[in-house]
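Worksheet: the structure to be examined is printed underneath.
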Amino acid sequence: MDETGLNSLLEHLPASWWEADRELRVIDSGGGAFDDTGTAQRFLDTVRQKPYGPSAAGLSHWQAQFDGRLFDVHWPVGAPRQGRSLGLAVEVGTGPAADRRYDAFADLAPAAAFIRDAGGHHLWANHAYAHLYGTTPEQIIGKHVEEVDSPVDAARVLALDNDVLTRGKPVRHTLTYHRPDGSSGQAAGHRFPVQEGTETCVAGIYIDISDYTRALHQRREAEESLCALRDHSGLPCALISAGGRIQQANAAAAELLQIRVSDLVGRRADSVLAPVSQSAGLWRGWRDLIVRRSRRIQTSAVLIDAHGRQRRARLHLTTVGRSAARATGVWAVITHQGIAHPPHPDLTASQERILSLLAAGRSNADIATSLHLSRQTVDYHLSRLRDLLDAPNRCALVARAYALGILAAQTWPPRAATIGPALKST
């Protein structure tokens, strides 16, 4: 068979030949085991560093591992003929396809993976590993750790490799590395010993967790900021689950209700509402929040503390949770609150309207005309209101209505701070 026929045959076999000069640079190559001359050069650079390579006196035939593959190497040792040497590598094994079926999987896996010898040289690296350094596997394989990592990182990497080789056991850990641009990253994974031919090497599989770690740090900062706002703003606030139970509460909320925080957490939220607050309007607004028809609601409610005293408060309710269909909870923040007082009979709509008109400066006759009531009826209601709110005169009655939160504090013309008219959602 002539040279052309031999080359044609080798192109279809898991074998490759090469011709190298005195400096062991590949001049020519062929065969089907390696894709190109560059791979053949990399093969020579790898096997020549081994103790069983051509530097061993008198050795011309040995086996070598390369890219996870086992080869029979025929490379005569001695003075090369006419300054050149010829070599042949044949991939061996009963089932070469079976031995290599996971090569592409490992090479393209999202986890960064490598194999290094005991001296710190990279024998193999996949694309994910090379990507951490902003390069390709071809630029990593064959290089020493100190050629890839910064001096500080290289020293730590070699120490970890040596620890694995010394103990002979896998190690799981998280490490910090530096990218080519100087930024730092974090990776988590395993280092473990592997057998490459007659040599024990170090392999590693790592997942880059830099983005995950950064997200955790940002989340932790956000939680700390939220806790600081919750605990030190001075505004009573609580986180209520979609099921209506208090999950978190600050000291201001506990003080408002005259109860310890530990006793407040876990209670049903409606247990701190006076019956007057438990109207259809509030529950309708709550349902809108939970099913995300509304993102936030402003309303008022009458709270009842541990001693049975009541006070009207202005509530701001805002949904939390990432679910698109249903909120997981609601933050309740109190921005305005009336003074605490013993329970008194609920005011009727007419009485609240009379108080609003009285606060606007209207006379009894004007109030009667506006509400289509008799003068005697208005006089009766005003007398009754002075008794209910413990106010000796008209001025004191208006002041008392604002102090108790019956009238909305920041609106004009005056209006009652009842749940129905005060319910606002966005």
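Naming scheme: A, B, ... for chains in displayed order of the structure tokens; residues 1 onward per chain; ligands 1 onward as shown.
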Would you mind writing down, as an NGL selection string, each residue of range 359-388 of chain A that DSSP on the backbone assigns to alpha helix (DSSP H)?
-> :A and (359 or 364-371 or 375-388)
Could you pull out all residues of range 20-256 of chain A with a DSSP call of strand (DSSP E) and give them as number ranges by chain? A: 20, 26-31, 61-66, 69-74, 85-91, 112-116, 122-125, 171-178, 184-196, 199-208, 237-241, 246-249
**Study point:** For Val26 in chain A: contacts at 9 Å, only C-alpha atoms, fewer than 3 positions along chain excluded, given as a list in words
**Key:** Trp18, Glu19, Ala20, Asp21, Glu23, Ser29, Thr37, Gly38, Ala40, Gln41 and Leu44 of chain A
For the atom pair CA of Tyr129 in chain A and CA of Ala106 in chain A, what is the interatomic distance in Å to one decimal place?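 Computing the Euclidean distance for CA of Tyr129 in chain A and CA of Ala106 in chain A yields 10.9 Å.
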Residue neighbourhood Ile246 in chain A, 10 Å, only C-alpha atoms, exclusion window fewer than 2 positions, as an mmCIF file with N, CA and C atoms, in the first residue's frame:
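Final output, part.cif:
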```cif
data_model
loop_
_atom_site.group_PDB
_atom_site.id
_atom_site.type_symbol
_atom_site.label_atom_id
_atom_site.label_comp_id
_atom_site.auth_asym_id
_atom_site.auth_seq_id
_atom_site.Cartn_x
_atom_site.Cartn_y
_atom_site.Cartn_z
ATOM 1 N N ALA A 238 -47.415 45.361 60.908
ATOM 2 C CA ALA A 238 -47.463 43.904 61.067
ATOM 3 C C ALA A 238 -47.595 43.266 59.693
ATOM 4 N N LEU A 239 -47.022 42.089 59.564
ATOM 5 C CA LEU A 239 -47.172 41.287 58.350
ATOM 6 C C LEU A 239 -48.242 40.236 58.625
ATOM 7 N N ILE A 240 -49.275 40.231 57.792
ATOM 8 C CA ILE A 240 -50.411 39.328 57.976
ATOM 9 C C ILE A 240 -50.449 38.342 56.816
ATOM 10 N N SER A 241 -50.584 37.056 57.124
ATOM 11 C CA SER A 241 -50.626 36.037 56.085
ATOM 12 C C SER A 241 -51.922 36.143 55.297
ATOM 13 N N ALA A 242 -51.949 35.474 54.126
ATOM 14 C CA ALA A 242 -53.170 35.480 53.312
ATOM 15 C C ALA A 242 -54.330 34.859 54.077
ATOM 16 N N GLY A 243 -54.015 33.971 55.025
ATOM 17 C CA GLY A 243 -55.052 33.348 55.840
ATOM 18 C C GLY A 243 -55.517 34.199 56.996
ATOM 19 N N GLY A 244 -54.890 35.377 57.198
ATOM 20 C CA GLY A 244 -55.372 36.297 58.225
ATOM 21 C C GLY A 244 -54.666 36.209 59.558
ATOM 22 N N GLN A 248 -45.547 38.708 61.568
ATOM 23 C CA GLN A 248 -44.520 39.576 62.148
ATOM 24 C C GLN A 248 -45.199 40.816 62.705
ATOM 25 N N ALA A 249 -44.590 41.387 63.725
ATOM 26 C CA ALA A 249 -45.109 42.635 64.284
ATOM 27 C C ALA A 249 -43.968 43.353 64.984
ATOM 28 N N LEU A 264 -48.497 38.590 70.300
ATOM 29 C CA LEU A 264 -49.228 39.125 69.152
ATOM 30 C C LEU A 264 -49.013 38.268 67.908
ATOM 31 N N VAL A 265 -47.781 37.824 67.720
ATOM 32 C CA VAL A 265 -47.467 36.990 66.545
ATOM 33 C C VAL A 265 -48.190 35.646 66.665
ATOM 34 N N GLY A 266 -48.848 35.256 65.623
ATOM 35 C CA GLY A 266 -49.591 33.998 65.605
ATOM 36 C C GLY A 266 -51.086 34.178 65.813
ATOM 37 N N ARG A 267 -51.501 35.349 66.301
ATOM 38 C CA ARG A 267 -52.927 35.592 66.511
ATOM 39 C C ARG A 267 -53.613 35.913 65.189
ATOM 40 N N ARG A 268 -54.900 35.698 65.150
ATOM 41 C CA ARG A 268 -55.672 36.130 63.999
ATOM 42 C C ARG A 268 -55.787 37.648 64.028
ATOM 43 N N ALA A 269 -55.645 38.260 62.865
ATOM 44 C CA ALA A 269 -55.655 39.712 62.794
ATOM 45 C C ALA A 269 -57.019 40.280 63.197
ATOM 46 N N ASP A 270 -58.102 39.560 62.889
ATOM 47 C CA ASP A 270 -59.415 40.101 63.237
ATOM 48 C C ASP A 270 -59.684 40.088 64.736
ATOM 49 N N GLY A 329 -49.104 37.474 51.471
ATOM 50 C CA GLY A 329 -49.297 38.194 52.722
ATOM 51 C C GLY A 329 -49.564 39.662 52.463
ATOM 52 N N VAL A 330 -49.820 40.388 53.539
ATOM 53 C CA VAL A 330 -50.135 41.817 53.456
ATOM 54 C C VAL A 330 -49.429 42.534 54.601
ATOM 55 N N TRP A 331 -48.703 43.597 54.273
ATOM 56 C CA TRP A 331 -48.140 44.462 55.305
ATOM 57 C C TRP A 331 -49.189 45.499 55.698
ATOM 58 N N ALA A 332 -49.436 45.616 56.985
ATOM 59 C CA ALA A 332 -50.372 46.609 57.516
ATOM 60 C C ALA A 332 -49.575 47.640 58.309
#
```
- Leaving out Ala112 in chain A and any residue of its chain fewer than 2 positions from it, which residues lie within 9 Å of it when counting only C-alpha atoms, given as a VMD selection string? chain A and resid 109 to 110 114 125 to 132 204 to 208
Take the residues just selected and output them with N, CA, C and O atoms as a CSV table (one decimal), in the first residue's frame.
```csv
chain,number,residue,atom,x,y,z
A,109,ALA,N,-20.9,20.4,29.5
A,109,ALA,CA,-21.7,20.6,30.8
A,109,ALA,C,-21.5,22.0,31.4
A,109,ALA,O,-20.5,22.6,31.2
A,110,PRO,N,-22.6,22.5,32.0
A,110,PRO,CA,-22.5,23.8,32.5
A,110,PRO,C,-21.6,24.0,33.8
A,110,PRO,O,-21.2,25.1,34.1
A,114,PHE,N,-12.2,20.1,35.5
A,114,PHE,CA,-10.8,20.1,35.1
A,114,PHE,C,-10.1,18.8,35.6
A,114,PHE,O,-10.6,18.1,36.5
A,125,ALA,N,-9.7,20.4,30.5
A,125,ALA,CA,-10.6,21.3,31.0
A,125,ALA,C,-11.8,21.5,30.0
A,125,ALA,O,-11.6,21.4,28.8
A,126,ASN,N,-13.0,21.7,30.6
A,126,ASN,CA,-14.1,21.8,29.7
A,126,ASN,C,-14.4,23.3,29.4
A,126,ASN,O,-13.7,24.2,29.9
A,127,HIS,N,-15.4,23.6,28.6
A,127,HIS,CA,-15.6,24.9,28.1
A,127,HIS,C,-16.1,25.8,29.3
A,127,HIS,O,-15.7,27.0,29.4
A,128,ALA,N,-16.9,25.2,30.2
A,128,ALA,CA,-17.3,26.0,31.4
A,128,ALA,C,-16.2,26.5,32.3
A,128,ALA,O,-16.2,27.6,32.8
A,129,TYR,N,-15.2,25.6,32.4
A,129,TYR,CA,-14.0,26.0,33.2
A,129,TYR,C,-13.2,27.1,32.5
A,129,TYR,O,-12.8,28.1,33.2
A,130,ALA,N,-13.0,26.9,31.2
A,130,ALA,CA,-12.3,28.0,30.5
A,130,ALA,C,-13.0,29.3,30.5
A,130,ALA,O,-12.4,30.4,30.5
A,131,HIS,N,-14.4,29.2,30.5
A,131,HIS,CA,-15.2,30.4,30.5
A,131,HIS,C,-15.0,31.3,31.7
A,131,HIS,O,-15.0,32.5,31.7
A,132,LEU,N,-14.7,30.6,32.8
A,132,LEU,CA,-14.4,31.4,34.1
A,132,LEU,C,-13.2,32.3,33.9
A,132,LEU,O,-13.1,33.3,34.6
A,204,GLY,N,-11.7,18.1,39.3
A,204,GLY,CA,-12.6,19.0,40.1
A,204,GLY,C,-13.8,19.3,39.2
A,204,GLY,O,-13.8,19.4,38.0
A,205,ILE,N,-15.0,19.5,39.9
A,205,ILE,CA,-16.2,19.9,39.2
A,205,ILE,C,-16.8,21.0,40.1
A,205,ILE,O,-17.1,20.8,41.3
A,206,TYR,N,-17.1,22.2,39.5
A,206,TYR,CA,-17.5,23.3,40.3
A,206,TYR,C,-18.6,24.1,39.5
A,206,TYR,O,-18.7,24.1,38.3
A,207,ILE,N,-19.5,24.6,40.3
A,207,ILE,CA,-20.6,25.5,39.8
A,207,ILE,C,-20.3,26.9,40.2
A,207,ILE,O,-20.0,27.2,41.4
A,208,ASP,N,-20.3,27.8,39.3
A,208,ASP,CA,-20.1,29.2,39.6
A,208,ASP,C,-21.4,29.8,40.3
A,208,ASP,O,-22.4,29.8,39.7
```
Checklist line | Given only C-alpha atoms as the counted atoms, nearest of A:Val202, A:Ala154, A:Leu123, A:Leu358 to Gly168 in chain A | finding: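 The answer is A:Val202, which sits nearest to Gly168 in chain A.
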As a list in words, please: the residues near Val92 in chain A (cut-off 9 Å, only C-alpha atoms, same-chain neighbours under 4 positions excluded). Pro14, Arg69, Leu70, Phe71, Asp72 and Pro96 of chain A
Next on the checklist: What's around Leu256 in chain A at 8 Å? Count only C-alpha atoms, leave out sequence neighbours fewer than 3 positions away in its own chain, and write the answer as a list of chain:residue names.
Outcome noted: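 My list of contacting residues is A:Pro236, A:Ala252, A:Ala253, A:Ile259, A:Asp305.
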